[in-house]
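Here is the file upload-v8.txt (compact mmCIF, C-alpha atoms and all ligand atoms).
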```txt
# COMPACT_ATOMS: atom_id res chain seq x y z
CA MET A 1 75.55 68.05 96.76
CA ILE A 2 78.14 67.84 99.53
CA LEU A 3 79.09 71.45 100.04
CA GLY A 4 76.85 74.49 99.66
CA VAL A 5 78.71 77.80 99.49
CA ILE A 6 77.25 81.26 99.97
CA ALA A 7 79.68 83.85 98.59
CA ASP A 8 79.28 87.55 99.31
CA ASP A 9 80.38 88.67 95.84
CA PHE A 10 80.70 87.38 92.29
CA THR A 11 84.45 87.13 91.82
CA GLY A 12 84.80 85.73 95.35
CA ALA A 13 82.38 82.99 94.35
CA THR A 14 84.48 82.15 91.30
CA ASP A 15 87.60 82.15 93.46
CA VAL A 16 86.25 79.56 95.94
CA ALA A 17 84.71 77.53 93.11
CA SER A 18 88.07 77.27 91.37
CA MET A 19 89.67 76.09 94.65
CA LEU A 20 87.11 73.30 94.96
CA VAL A 21 87.51 72.23 91.34
CA ARG A 22 91.29 72.23 91.75
CA ALA A 23 90.93 69.84 94.68
CA GLY A 24 88.71 67.47 92.67
CA MET A 25 85.10 68.50 93.36
CA SER A 26 82.78 69.17 90.44
CA THR A 27 81.40 72.64 91.06
CA VAL A 28 78.62 74.83 89.68
CA GLN A 29 78.31 78.55 90.40
CA VAL A 30 74.83 80.02 90.57
CA ILE A 31 74.26 83.74 90.15
CA GLY A 32 71.99 85.45 92.67
CA VAL A 33 69.49 83.88 95.05
CA PRO A 34 68.46 80.78 93.14
CA VAL A 35 65.05 79.30 92.46
CA GLY A 36 64.14 75.86 91.15
CA ASP A 37 66.13 72.68 91.50
CA ALA A 38 69.78 72.68 92.50
CA PRO A 39 72.20 71.51 89.78
CA THR A 40 74.00 68.18 90.02
CA ALA A 41 77.49 68.79 91.35
CA ASP A 42 79.64 67.99 94.39
CA ALA A 43 79.63 71.65 95.36
CA VAL A 44 77.30 74.51 94.48
CA VAL A 45 78.40 78.10 95.01
CA VAL A 46 75.75 80.82 95.22
CA ALA A 47 77.21 84.17 94.18
CA LEU A 48 75.48 87.01 96.03
CA LYS A 49 76.27 90.72 95.98
CA SER A 50 75.91 91.11 99.74
CA ARG A 51 79.33 92.32 100.86
CA THR A 52 78.35 95.95 101.10
CA ALA A 53 74.57 95.60 100.85
CA PRO A 54 72.45 96.89 103.76
CA ARG A 55 72.77 94.42 106.63
CA ASP A 56 69.19 93.16 106.65
CA GLN A 57 69.25 92.57 102.92
CA ALA A 58 72.54 90.66 103.17
CA VAL A 59 71.11 88.48 105.94
CA ASP A 60 67.85 87.87 104.08
CA GLU A 61 69.55 86.90 100.80
CA SER A 62 72.03 84.64 102.61
CA LEU A 63 69.22 82.85 104.45
CA ARG A 64 67.29 82.33 101.22
CA ALA A 65 70.43 80.92 99.59
CA LEU A 66 70.91 78.68 102.63
CA ARG A 67 67.38 77.26 102.39
CA TRP A 68 67.85 76.48 98.71
CA LEU A 69 71.21 74.80 99.30
CA LYS A 70 69.80 72.70 102.15
CA GLN A 71 66.86 71.68 99.98
CA GLY A 72 69.41 70.63 97.37
CA GLY A 73 70.97 68.30 99.95
CA ALA A 74 74.06 70.26 101.05
CA ARG A 75 75.74 68.46 103.96
CA GLN A 76 77.91 71.39 105.00
CA ILE A 77 77.56 75.14 104.45
CA TYR A 78 80.41 77.55 103.75
CA PHE A 79 80.04 81.31 103.96
CA LYS A 80 82.77 82.77 101.76
CA TYR A 81 84.02 86.33 102.19
CA CYS A 82 87.09 88.24 101.07
CA SER A 83 90.59 87.27 102.19
CA THR A 84 90.96 90.79 103.56
CA PHE A 85 87.82 90.30 105.70
CA ASP A 86 86.08 93.22 103.95
CA SER A 87 83.39 94.44 106.35
CA THR A 88 82.42 97.30 108.65
CA ASP A 89 81.32 97.45 112.31
CA GLU A 90 77.76 96.99 111.01
CA GLY A 91 78.72 93.84 109.14
CA ASN A 92 78.10 91.98 107.06
CA ILE A 93 80.30 89.06 108.10
CA GLY A 94 79.13 88.90 111.74
CA PRO A 95 75.37 89.34 111.16
CA VAL A 96 75.27 86.95 108.19
CA GLY A 97 77.33 84.35 110.06
CA ASP A 98 75.12 84.68 113.17
CA ALA A 99 71.96 84.26 111.09
CA LEU A 100 73.34 81.21 109.28
CA MET A 101 74.45 79.67 112.60
CA ALA A 102 71.00 80.19 114.08
CA ALA A 103 69.25 78.73 111.03
CA LEU A 104 71.53 75.69 111.07
CA ASP A 105 71.33 75.18 114.86
CA ALA A 106 75.09 75.50 114.88
CA THR A 107 76.73 76.53 118.14
CA GLN A 108 80.24 77.18 116.86
CA THR A 109 81.94 78.24 113.67
CA ILE A 110 85.28 79.55 112.50
CA ALA A 111 86.35 82.82 110.91
CA CYS A 112 89.41 82.29 108.74
CA PRO A 113 90.01 84.55 105.72
CA ALA A 114 93.60 83.29 105.28
CA LEU A 115 94.86 82.60 101.76
CA PRO A 116 98.62 82.12 102.21
CA GLU A 117 99.32 81.59 98.49
CA ASN A 118 98.06 85.14 97.95
CA GLY A 119 99.93 86.50 100.96
CA ARG A 120 96.93 86.60 103.31
CA THR A 121 98.04 85.00 106.58
CA ILE A 122 96.71 85.11 110.14
CA PHE A 123 99.07 85.05 113.12
CA LYS A 124 97.88 85.54 116.71
CA GLY A 125 94.57 86.68 115.30
CA HIS A 126 96.16 89.41 113.18
CA LEU A 127 95.62 89.42 109.44
CA PHE A 128 98.60 90.18 107.24
CA VAL A 129 98.53 91.26 103.59
CA GLY A 130 101.97 90.28 102.36
CA ASP A 131 104.37 91.61 104.98
CA ALA A 132 102.03 94.35 106.24
CA LEU A 133 99.29 94.21 108.82
CA LEU A 134 95.85 94.53 107.22
CA SER A 135 95.52 97.97 108.82
CA ASP A 136 98.74 99.13 107.14
CA SER A 137 97.76 97.77 103.73
CA SER A 138 95.83 99.59 101.01
CA MET A 139 92.67 98.18 102.64
CA ARG A 140 93.09 100.89 105.27
CA ASP A 141 91.54 103.41 102.87
CA HIS A 142 89.10 101.21 100.99
CA PRO A 143 86.14 103.41 100.00
CA LEU A 144 83.44 101.03 101.28
CA THR A 145 85.07 98.74 103.82
CA PRO A 146 88.13 100.48 105.31
CA MET A 147 90.02 97.99 107.48
CA ARG A 148 91.73 99.95 110.25
CA ASP A 149 92.31 97.12 112.75
CA ALA A 150 94.24 93.97 111.86
CA ASN A 151 93.08 92.09 114.97
CA LEU A 152 90.27 89.94 113.60
CA VAL A 153 88.97 89.03 117.06
CA HIS A 154 88.31 92.74 117.67
CA VAL A 155 86.95 93.33 114.17
CA LEU A 156 84.51 90.44 114.39
CA GLN A 157 83.54 91.08 118.00
CA ALA A 158 82.35 94.55 116.94
CA GLN A 159 79.93 92.85 114.52
CA THR A 160 78.37 90.19 116.74
CA PRO A 161 76.84 89.84 120.22
CA ARG A 162 78.24 86.29 120.39
CA THR A 163 81.65 85.64 121.96
CA VAL A 164 84.65 85.55 119.63
CA GLY A 165 87.77 83.57 120.61
CA LEU A 166 91.13 82.79 119.08
CA THR A 167 92.54 79.45 118.03
CA ALA A 168 96.20 80.40 117.82
CA TYR A 169 98.92 78.97 115.60
CA ASN A 170 100.36 76.79 118.40
CA THR A 171 97.04 74.98 118.83
CA VAL A 172 96.68 74.66 115.04
CA GLY A 173 100.19 73.18 115.00
CA LEU A 174 99.06 70.41 117.37
CA GLY A 175 96.49 69.20 114.87
CA ALA A 176 92.75 68.94 114.28
CA LYS A 177 92.01 67.10 117.53
CA ALA A 178 93.71 69.80 119.61
CA ILE A 179 91.68 72.47 117.84
CA GLN A 180 88.43 70.58 118.46
CA ALA A 181 89.40 70.08 122.12
CA GLN A 182 89.84 73.83 122.55
CA TRP A 183 86.43 74.50 121.02
CA ALA A 184 84.79 71.81 123.19
CA GLN A 185 86.31 73.32 126.35
CA HIS A 186 84.69 76.68 125.58
CA PRO A 187 81.13 75.96 124.47
CA GLN A 188 80.10 79.57 125.13
CA THR A 189 82.54 80.83 122.51
CA HIS A 190 80.59 80.71 119.25
CA TRP A 191 83.10 82.19 116.81
CA TRP A 192 86.74 81.16 116.53
CA VAL A 193 89.22 83.23 114.57
CA VAL A 194 91.81 80.65 113.51
CA ASP A 195 95.48 81.36 112.74
CA ALA A 196 96.80 80.06 109.43
CA ILE A 197 100.16 80.95 107.97
CA ASP A 198 100.45 78.23 105.32
CA ASN A 199 98.45 75.65 103.37
CA ALA A 200 99.35 72.94 105.91
CA ALA A 201 97.49 74.95 108.56
CA LEU A 202 94.50 75.29 106.23
CA ALA A 203 94.42 71.51 105.73
CA THR A 204 94.44 70.98 109.52
CA ILE A 205 91.68 73.56 109.94
CA ALA A 206 89.56 71.85 107.28
CA GLN A 207 89.95 68.57 109.21
CA ALA A 208 88.95 70.28 112.47
CA CYS A 209 85.82 71.68 110.78
CA ALA A 210 84.58 68.30 109.54
CA ASP A 211 81.61 68.25 111.91
CA LEU A 212 80.70 71.92 111.87
CA PRO A 213 77.42 72.63 110.05
CA LEU A 214 78.84 76.03 109.06
CA ILE A 215 82.31 77.22 108.05
CA THR A 216 82.96 80.91 107.44
CA ALA A 217 86.19 81.67 105.62
CA GLY A 218 87.99 83.08 102.60
CA SER A 219 88.64 80.65 99.79
CA GLY A 220 91.68 79.02 101.45
CA VAL A 221 89.94 76.61 103.84
CA ALA A 222 87.98 75.20 100.88
CA LEU A 223 91.20 73.78 99.46
CA GLY A 224 91.42 71.27 102.33
CA LEU A 225 87.77 70.19 102.37
CA PRO A 226 87.66 67.72 99.44
CA LYS A 227 90.22 65.51 101.21
CA VAL A 228 88.07 65.51 104.36
CA TYR A 229 84.98 64.54 102.35
CA GLU A 230 86.93 61.81 100.60
CA GLN A 231 88.08 60.38 103.95
CA ARG A 232 84.47 60.33 105.09
CA GLY A 233 83.42 58.42 102.00
CA TRP A 234 81.21 61.28 100.81
CA LEU A 235 83.28 62.18 97.77
CA THR A 236 85.06 60.32 95.02
CA ARG A 237 87.54 62.90 93.85
CA ASN A 238 87.18 63.54 90.19
CA ALA A 239 90.24 64.22 88.06
CA GLN A 240 87.83 65.47 85.38
CA ALA A 241 86.14 67.96 87.74
CA ALA A 242 87.43 70.88 85.65
CA GLN A 243 86.50 69.32 82.30
CA LEU A 244 84.39 71.57 80.07
CA ASP A 245 83.31 70.95 76.48
CA THR A 246 85.83 71.66 73.72
CA LEU A 247 84.31 74.55 71.78
CA GLN A 248 85.73 75.47 68.38
CA GLY A 249 83.81 78.63 67.57
CA ARG A 250 84.91 82.25 67.41
CA ALA A 251 86.12 84.00 70.52
CA LEU A 252 85.79 87.56 71.78
CA VAL A 253 87.47 89.60 74.50
CA LEU A 254 85.41 92.44 75.97
CA SER A 255 87.24 94.84 78.24
CA GLY A 256 85.57 97.48 80.38
CA SER A 257 88.17 97.53 83.14
CA CYS A 258 90.50 100.51 83.37
CA SER A 259 92.82 98.97 85.95
CA SER A 260 96.54 99.20 85.24
CA GLN A 261 96.79 95.43 84.76
CA THR A 262 93.95 95.36 82.23
CA LEU A 263 95.47 98.31 80.35
CA ALA A 264 98.71 96.33 80.10
CA GLN A 265 96.75 93.30 78.85
CA VAL A 266 95.00 95.37 76.17
CA ALA A 267 98.35 96.87 75.11
CA GLN A 268 99.89 93.39 74.90
CA TRP A 269 97.03 92.15 72.69
CA ILE A 270 97.55 95.10 70.33
CA GLU A 271 101.30 94.53 70.45
CA ARG A 272 100.62 91.02 69.18
CA GLN A 273 98.83 92.66 66.23
CA LEU A 274 95.59 90.89 67.02
CA PRO A 275 92.31 92.58 65.98
CA ALA A 276 91.23 95.28 68.43
CA TYR A 277 88.41 97.84 68.35
CA GLN A 278 88.16 100.76 70.76
CA LEU A 279 84.87 102.15 72.00
CA ASP A 280 84.65 105.82 72.91
CA PRO A 281 82.11 106.60 75.67
CA LEU A 282 81.50 110.07 74.20
CA LEU A 283 80.48 108.54 70.87
CA ILE A 284 78.29 106.04 72.68
CA HIS A 285 76.64 108.93 74.46
CA ALA A 286 76.17 110.88 71.21
CA ASP A 287 74.71 108.00 69.20
CA PRO A 288 74.50 104.60 70.92
CA GLU A 289 72.79 102.85 68.00
CA GLN A 290 75.34 103.91 65.42
CA THR A 291 78.24 103.04 67.74
CA PHE A 292 76.73 99.62 68.33
CA GLN A 293 76.18 98.93 64.62
CA GLN A 294 79.69 100.05 63.67
CA ALA A 295 81.28 97.80 66.30
CA LEU A 296 79.11 94.91 65.19
CA VAL A 297 80.03 95.31 61.52
CA TRP A 298 83.69 95.37 62.52
CA LEU A 299 83.23 92.24 64.64
CA SER A 300 81.53 90.29 61.88
CA GLY A 301 84.66 90.87 59.74
CA GLN A 302 86.88 89.14 62.33
CA PRO A 303 87.17 85.44 61.55
CA GLU A 304 88.67 84.13 64.81
CA THR A 305 89.49 86.18 67.88
CA ALA A 306 88.87 89.85 68.51
CA LEU A 307 89.06 92.42 71.30
CA ILE A 308 86.55 95.21 71.87
CA TYR A 309 87.58 97.57 74.62
CA ALA A 310 86.61 100.79 76.32
CA SER A 311 89.54 100.56 78.73
CA ALA A 312 91.43 103.84 78.82
CA GLN A 313 94.10 105.64 80.83
CA GLN A 314 93.06 107.50 83.94
CA GLU A 315 93.27 111.00 82.36
CA THR A 316 91.00 109.95 79.48
CA VAL A 317 88.52 108.32 81.86
CA GLN A 318 88.49 111.42 84.05
CA ARG A 319 87.84 113.65 81.06
CA VAL A 320 84.89 111.48 80.06
CA GLN A 321 83.61 111.30 83.62
CA LYS A 322 83.73 115.08 83.89
CA LYS A 323 81.50 115.41 80.84
CA LEU A 324 79.10 112.54 81.47
CA GLY A 325 79.34 111.84 85.19
CA ALA A 326 81.19 108.72 86.43
CA THR A 327 78.10 106.56 86.94
CA HIS A 328 76.52 107.44 83.61
CA ALA A 329 79.77 106.91 81.72
CA GLY A 330 80.19 103.52 83.41
CA GLU A 331 76.63 102.51 82.58
CA LEU A 332 76.96 103.55 78.95
CA VAL A 333 80.08 101.43 78.51
CA GLU A 334 78.71 98.45 80.44
CA THR A 335 75.45 98.48 78.48
CA MET A 336 77.28 98.70 75.16
CA LEU A 337 79.67 95.84 75.98
CA ALA A 338 76.77 93.73 77.24
CA ARG A 339 74.77 94.38 74.03
CA LEU A 340 77.79 93.48 71.95
CA ALA A 341 78.24 90.24 73.91
CA LYS A 342 74.66 89.27 73.13
CA ALA A 343 75.00 90.17 69.46
CA ALA A 344 78.33 88.33 69.22
CA VAL A 345 76.77 85.16 70.58
CA ALA A 346 74.02 85.50 67.97
CA GLN A 347 76.85 85.73 65.34
CA GLY A 348 78.31 82.42 66.55
CA VAL A 349 80.86 83.53 69.14
CA ASN A 350 80.91 80.89 71.88
CA ARG A 351 83.91 81.86 74.04
CA ILE A 352 84.02 85.28 75.68
CA VAL A 353 86.65 86.73 78.00
CA VAL A 354 85.42 89.72 80.01
CA ALA A 355 87.72 92.10 81.87
CA GLY A 356 86.20 94.06 84.76
CA GLY A 357 84.06 93.03 87.72
CA GLU A 358 81.11 95.33 86.98
CA THR A 359 81.50 94.70 83.26
CA SER A 360 81.35 90.94 83.88
CA GLY A 361 78.14 91.39 85.88
CA ALA A 362 76.56 93.34 83.02
CA VAL A 363 77.59 90.76 80.41
CA VAL A 364 76.41 87.77 82.44
CA GLN A 365 73.08 89.50 83.01
CA ALA A 366 72.61 90.39 79.34
CA LEU A 367 73.37 86.82 78.30
CA ASN A 368 70.92 85.62 80.93
CA VAL A 369 73.42 83.12 82.29
CA GLN A 370 72.29 81.77 85.65
CA GLN A 371 74.49 78.75 86.28
CA LEU A 372 78.14 78.24 85.39
CA ARG A 373 80.14 75.03 85.53
CA ILE A 374 83.67 75.82 86.66
CA GLY A 375 86.63 74.69 84.54
CA HIS A 376 90.41 74.99 84.78
CA SER A 377 92.04 78.25 85.87
CA ILE A 378 93.71 80.50 83.33
CA ALA A 379 95.31 82.55 86.11
CA PRO A 380 94.84 82.31 89.90
CA GLY A 381 91.18 83.05 90.66
CA VAL A 382 90.08 83.18 86.99
CA PRO A 383 88.75 79.88 85.65
CA TRP A 384 87.05 79.22 82.36
CA THR A 385 83.38 78.58 83.03
CA GLN A 386 80.58 77.17 80.90
CA ALA A 387 76.89 78.00 80.99
CA VAL A 388 75.09 74.92 82.27
CA ASP A 389 72.29 75.22 79.70
CA ARG A 390 74.21 75.94 76.46
CA PRO A 391 77.61 75.67 74.76
CA LEU A 392 78.88 79.08 75.84
CA GLN A 393 82.10 79.59 77.78
CA LEU A 394 83.01 82.68 79.78
CA ALA A 395 86.16 83.78 81.55
CA LEU A 396 85.32 86.62 83.91
CA LYS A 397 88.28 88.57 85.22
CA SER A 398 88.21 91.32 87.78
CA GLY A 399 90.45 94.27 86.93
CA ASN A 400 93.80 93.44 88.44
CA PHE A 401 93.81 89.69 87.85
CA GLY A 402 95.88 87.83 85.31
CA GLY A 403 99.31 88.25 83.77
CA VAL A 404 100.07 90.71 80.99
CA ASP A 405 99.33 88.14 78.24
CA PHE A 406 96.12 86.96 79.93
CA PHE A 407 93.77 87.46 76.96
CA PHE A 408 95.96 85.49 74.58
CA GLU A 409 96.63 82.78 77.17
CA ALA A 410 92.92 82.44 77.91
CA LEU A 411 92.12 81.78 74.27
CA HIS A 412 95.15 79.74 73.25
CA THR A 413 96.22 77.65 76.22
CA LYS A 414 94.80 74.17 76.27
CA ALA A 415 93.24 72.89 79.47
CA PRO A 416 95.90 71.13 81.55
CA ALA A 417 95.85 67.36 81.18
CA THR A 418 93.96 65.79 84.06
P1 LIG B 1 87.45 96.66 87.50
O1 LIG B 1 87.27 95.19 87.82
O2 LIG B 1 88.80 96.98 86.93
O3 LIG B 1 87.06 97.57 88.66
P2 LIG B 1 84.86 97.23 86.37
O4 LIG B 1 84.25 96.69 85.13
O5 LIG B 1 84.33 96.72 87.68
O6 LIG B 1 86.44 96.99 86.28
O7 LIG B 1 84.73 98.81 86.42
C1 LIG B 1 85.19 99.64 85.39
C2 LIG B 1 84.13 100.70 85.11
O8 LIG B 1 84.69 101.68 84.26
C3 LIG B 1 82.90 100.14 84.40
O9 LIG B 1 81.73 100.72 84.94
C4 LIG B 1 83.12 100.59 82.97
O10 LIG B 1 81.91 100.72 82.26
C5 LIG B 1 83.79 101.93 83.17
N1 LIG B 1 84.57 102.36 81.99
C6 LIG B 1 85.25 101.59 81.13
N2 LIG B 1 85.85 102.31 80.19
C7 LIG B 1 85.58 103.61 80.47
C8 LIG B 1 85.95 104.84 79.87
N3 LIG B 1 86.72 104.87 78.79
N4 LIG B 1 85.49 105.97 80.43
C9 LIG B 1 84.71 105.94 81.53
N5 LIG B 1 84.34 104.81 82.15
C10 LIG B 1 84.77 103.63 81.63
```
What does this structure look like when you write it as structure tokens?
Amino acid sequence: MILGVIADDFTGATDVASMLVRAGMSTVQVIGVPVGDAPTADAVVVALKSRTAPRDQAVDESLRALRWLKQGGARQIYFKYCSTFDSTDEGNIGPVGDALMAALDATQTIACPALPENGRTIFKGHLFVGDALLSDSSMRDHPLTPMRDANLVHVLQAQTPRTVGLTAYNTVGLGAKAIQAQWAQHPQTHWWVVDAIDNAALATIAQACADLPLITAGSGVALGLPKVYEQRGWLTRNAQAAQLDTLQGRALVLSGSCSSQTLAQVAQWIERQLPAYQLDPLLIHADPEQTFQQALVWLSGQPETALIYASAQQETVQRVQKKLGATHAGELVETMLARLAKAAVAQGVNRIVVAGGETSGAVVQALNVQQLRIGHSIAPGVPWTQAVDRPLQLALKSGNFGGVDFFFEALHTKAPAT
């Protein structure tokens, strides 16, 4: 293992893993704090759920992941967070980063959530989402991590007792050596927010970070790391890094997301006159066993691909939530889709596309999948993955990801030639 990544949520882990695979590193994603031996891969990504967890828990889980990655031989550690720097004054980016730095005896690290290809850029320490400052974007009113200040030096300084500095775009423009010289001149500055407005800047930043025990960043910086490792002789880049098995079995799409993009994807599938079966949360509530059996009988009659969905328009969801409570309704649907995933696999389905972040978590848990090898991307941030221990492939999509024909593309597009 060359790179060990600790990601603060599941889809963020998949995002960084797909960046690494794209740049030629074989990558395995592990779900939750792992035990046992580390898998064989150039990079291993541990997917935690620590973004909005209580601070001490986030720190503890991250440190346990760190120990496991170091035992597995990781030469460099990467703490991956969201490209919108999702956090509060309490953390968890600062406290987790501080704890990782202390455990690694690291004196300096970077903070760089930039992902220019998704419109996340940093200029003079300020994070932009598209053309808007972070604080003017929809992140301003995020229910858990409202981002009301776009100045990342301020945001991070509120989360750490260590000094936070800025490596501005003009220093980045001078190259990796200039960046390192700035850091060396200020040994008391432990955190450096680094400007990045394009992928060229990210490549320079990755070079500058070559000797840091710890990098903290969004997924963007990861794109430049494989080249650095190759130059060092650590990595032979592998054109087959994204290669998964070719599975011929039946395929299933399970959709529990009610985001507008997923609703459009469900509509497009139906428009294509492909088999689709709708679950009604009220019927699940009334008789879960009968609902399950009916869906299963329907599924066994579908020879190739099928969609089972609970996704519904906002008014319908609200009506259901009013009757059952939002949490209970969500749990009923998640549990049903997860049960159906398990039963489908028992029927011979070996490729499953899941729409919805929480829904994906429930399905992965029900299938008892702990390690996923990362394959080629179907859409940005959504790769096919394969369970390390069996011929089962999963594509896990958070609500708003993917184009309108995502489900069909996922099941019918061949992996790009490598
Ligand atoms: P997203 O990634 O779009 O946020 P999630 O799976 O994370 O999707 O969240 C969607 C939630 O909505 C899940 O808890 C799911 O069980 C719930 N849900 C899905 N369909 C319905 C429905 N028809 N009525 C009420 N809740 C639903």
Sorted by chain and rising residue number, list the residues of chain A at most 8 Å from ligand LIG 1 (chain B) (counting only C-alpha atoms and all ligand atoms), each with its closest atom pair and distance in Å to one decimal, as CSV.
```
residue,atom,partner,partner_atom,distance
A:Ser255,CA,B:LIG1,C6,7.6
A:Gly256,CA,B:LIG1,C6,4.2
A:Ser257,CA,B:LIG1,O6,3.6
A:Cys258,CA,B:LIG1,O2,5.3
A:Ser259,CA,B:LIG1,O2,4.6
A:Thr262,CA,B:LIG1,O2,7.2
A:Leu279,CA,B:LIG1,N3,7.5
A:Asp280,CA,B:LIG1,N3,6.3
A:Pro281,CA,B:LIG1,N3,5.8
A:Tyr309,CA,B:LIG1,N2,7.5
A:Ala310,CA,B:LIG1,N2,4.2
A:Ser311,CA,B:LIG1,N2,4.3
A:Ala312,CA,B:LIG1,N3,4.8
A:Gln313,CA,B:LIG1,N3,7.7
A:Thr316,CA,B:LIG1,N3,6.7
A:Val317,CA,B:LIG1,N4,4.1
A:Gln318,CA,B:LIG1,C9,7.1
A:Val320,CA,B:LIG1,N4,5.6
A:Gln321,CA,B:LIG1,C9,5.9
A:Ala326,CA,B:LIG1,N5,6.6
A:Thr327,CA,B:LIG1,O9,7.2
A:Ala329,CA,B:LIG1,C9,5.0
A:Gly330,CA,B:LIG1,O10,3.5
A:Glu331,CA,B:LIG1,O10,5.6
A:Leu332,CA,B:LIG1,O10,6.6
A:Val333,CA,B:LIG1,O10,4.2
A:Glu334,CA,B:LIG1,O10,4.3
A:Thr335,CA,B:LIG1,O10,7.8
A:Ala355,CA,B:LIG1,O4,6.6
A:Gly356,CA,B:LIG1,O4,3.3
A:Gly357,CA,B:LIG1,O5,3.7
A:Glu358,CA,B:LIG1,O5,3.6
A:Thr359,CA,B:LIG1,O4,3.9
A:Ser360,CA,B:LIG1,O4,6.6
A:Lys397,CA,B:LIG1,O1,7.2
A:Ser398,CA,B:LIG1,O1,4.0
A:Gly399,CA,B:LIG1,O2,3.2
A:Asn400,CA,B:LIG1,O2,6.3
```
Using only C-alpha atoms, which protein or nucleic acid residues come within 10 Å of Gln182 in chain A? Drop anything in the same chain fewer than 6 positions from it, and give the result as a PyMOL selection string. chain A and resi 166-167+171+192
Please return as JSON, numbers by chain every residue within 12 Å of (103.7, 75.0, 105.5), taking into account only C-alpha atoms and the file's own coordinates. {"A": [116, 117, 121, 169, 172, 173, 196, 197, 198, 199, 200, 201, 202, 203, 204]}
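CA of Ser377 in chain A sits 14.8 Å away from CA of Arg351 in chain A.
Between CA of Gln157 in chain A and CA of Val96 in chain A the interatomic distance comes to 13.5 Å.
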Test item: which residues lie within 12 Å of (85.9, 89.2, 116.1) counting all atoms listed in the file, as an NGL selection string: :A and (85 or 87-89 or 91 or 93-95 or 97 or 109-112 or 125-127 or 149-167 or 189-194)
Using all atoms listed in the file, which of A:Trp298, A:Phe79, A:Trp384, A:Phe128 sits nearest Asp195 in chain A? A:Phe128
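The neighbours of Val59 in chain A here are the residues that come within 12 Å of it, using all atoms listed in the file and leaving out any residue fewer than 6 positions away in the same chain; they are Ile6, Asp8, Val33, Leu48, Lys49, Ser50, Arg51, Thr52, Ala53, Ala65, Leu66, Phe79, Glu90, Gly91, Asn92, Ile93, Gly94, Pro95, Val96, Gly97, Asp98, Ala99, Leu100, Met101, Ala102 and Ala103 of chain A.
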Kindly provide, as JSON, the centre and edge lengths (Å, one decimal) of an axis-aligned box around all atoms of range 86-104 of chain A given in the file, with 6 Å on each side.
```
{"center_x": 77.7, "center_y": 86.6, "center_z": 109.0, "size_x": 28.8, "size_y": 33.8, "size_z": 22.1}
```
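CA of Leu340 in chain A to CA of Val353 in chain A spans 12.7 Å [interatomic distance, one decimal].
Proximity of A:Phe408, A:Ala241, A:Pro146, A:Thr84 to Gln273 in chain A, computed with all atoms listed in the file, is greatest for A:Phe408.
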Write out as a PyMOL selection string which residues come within 12 Å of Ile31 in chain A when counting all atoms listed in the file, dropping same-chain ones fewer than 3 positions away. chain A and resi 5-14+28+34-35+44-49+65+360-361+364-365+368-373+387-388
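Summary of the local environment: counting all atoms listed in the file, residues at most 6 Å from Ala41 in chain A, other than itself and those fewer than 3 positions away along its chain, are Met1, Ser26 and Thr27 of chain A.
With all atoms listed in the file as the basis for measurement, A:Ile2 is the residue among A:Leu115, A:Ile2, A:Val297, A:Ile378 that approaches Ala74 in chain A most closely.
In this comparison, which uses only C-alpha atoms, the residue of A:Leu144, A:Val345, A:Ala132, A:Met19 approaching Pro383 in chain A most closely is A:Met19.
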Need the shell around Leu3 in chain A: protein/DNA/RNA residues with any atom at most 10 Å away, counting all atoms listed in the file. Skip same-chain ones fewer than 6 positions apart. Format as a VMD selection string? chain A and resid 20 25 27 41 to 45 69 to 70 73 to 78 222 225 to 226 229
Could you rebuild range 249-257 of chain A with N, CA and C atoms and give it back as a PDB file, in the coordinates of the input?
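And here's result-v3.pdb as it stands now:
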```pdb
ATOM      1  N   GLY A 249      84.316  77.445  68.263  1.00  0.00           N
ATOM      2  CA  GLY A 249      83.810  78.630  67.570  1.00  0.00           C
ATOM      3  C   GLY A 249      84.693  79.863  67.726  1.00  0.00           C
ATOM      4  N   ARG A 250      84.178  80.989  67.293  1.00  0.00           N
ATOM      5  CA  ARG A 250      84.910  82.250  67.410  1.00  0.00           C
ATOM      6  C   ARG A 250      84.954  82.713  68.853  1.00  0.00           C
ATOM      7  N   ALA A 251      85.968  83.528  69.143  1.00  0.00           N
ATOM      8  CA  ALA A 251      86.120  84.000  70.520  1.00  0.00           C
ATOM      9  C   ALA A 251      86.221  85.525  70.538  1.00  0.00           C
ATOM     10  N   LEU A 252      85.805  86.099  71.651  1.00  0.00           N
ATOM     11  CA  LEU A 252      85.790  87.560  71.780  1.00  0.00           C
ATOM     12  C   LEU A 252      86.294  87.952  73.159  1.00  0.00           C
ATOM     13  N   VAL A 253      87.082  89.018  73.210  1.00  0.00           N
ATOM     14  CA  VAL A 253      87.470  89.600  74.500  1.00  0.00           C
ATOM     15  C   VAL A 253      86.761  90.944  74.609  1.00  0.00           C
ATOM     16  N   LEU A 254      86.080  91.168  75.722  1.00  0.00           N
ATOM     17  CA  LEU A 254      85.410  92.440  75.970  1.00  0.00           C
ATOM     18  C   LEU A 254      86.048  93.059  77.215  1.00  0.00           C
ATOM     19  N   SER A 255      86.563  94.254  77.088  1.00  0.00           N
ATOM     20  CA  SER A 255      87.240  94.840  78.240  1.00  0.00           C
ATOM     21  C   SER A 255      86.645  96.183  78.630  1.00  0.00           C
ATOM     22  N   GLY A 256      86.120  96.233  79.846  1.00  0.00           N
ATOM     23  CA  GLY A 256      85.570  97.480  80.380  1.00  0.00           C
ATOM     24  C   GLY A 256      86.314  97.899  81.634  1.00  0.00           C
ATOM     25  N   SER A 257      87.381  97.178  81.952  1.00  0.00           N
ATOM     26  CA  SER A 257      88.170  97.530  83.140  1.00  0.00           C
ATOM     27  C   SER A 257      89.224  98.547  82.751  1.00  0.00           C
TER      28      SER A 257
END
```
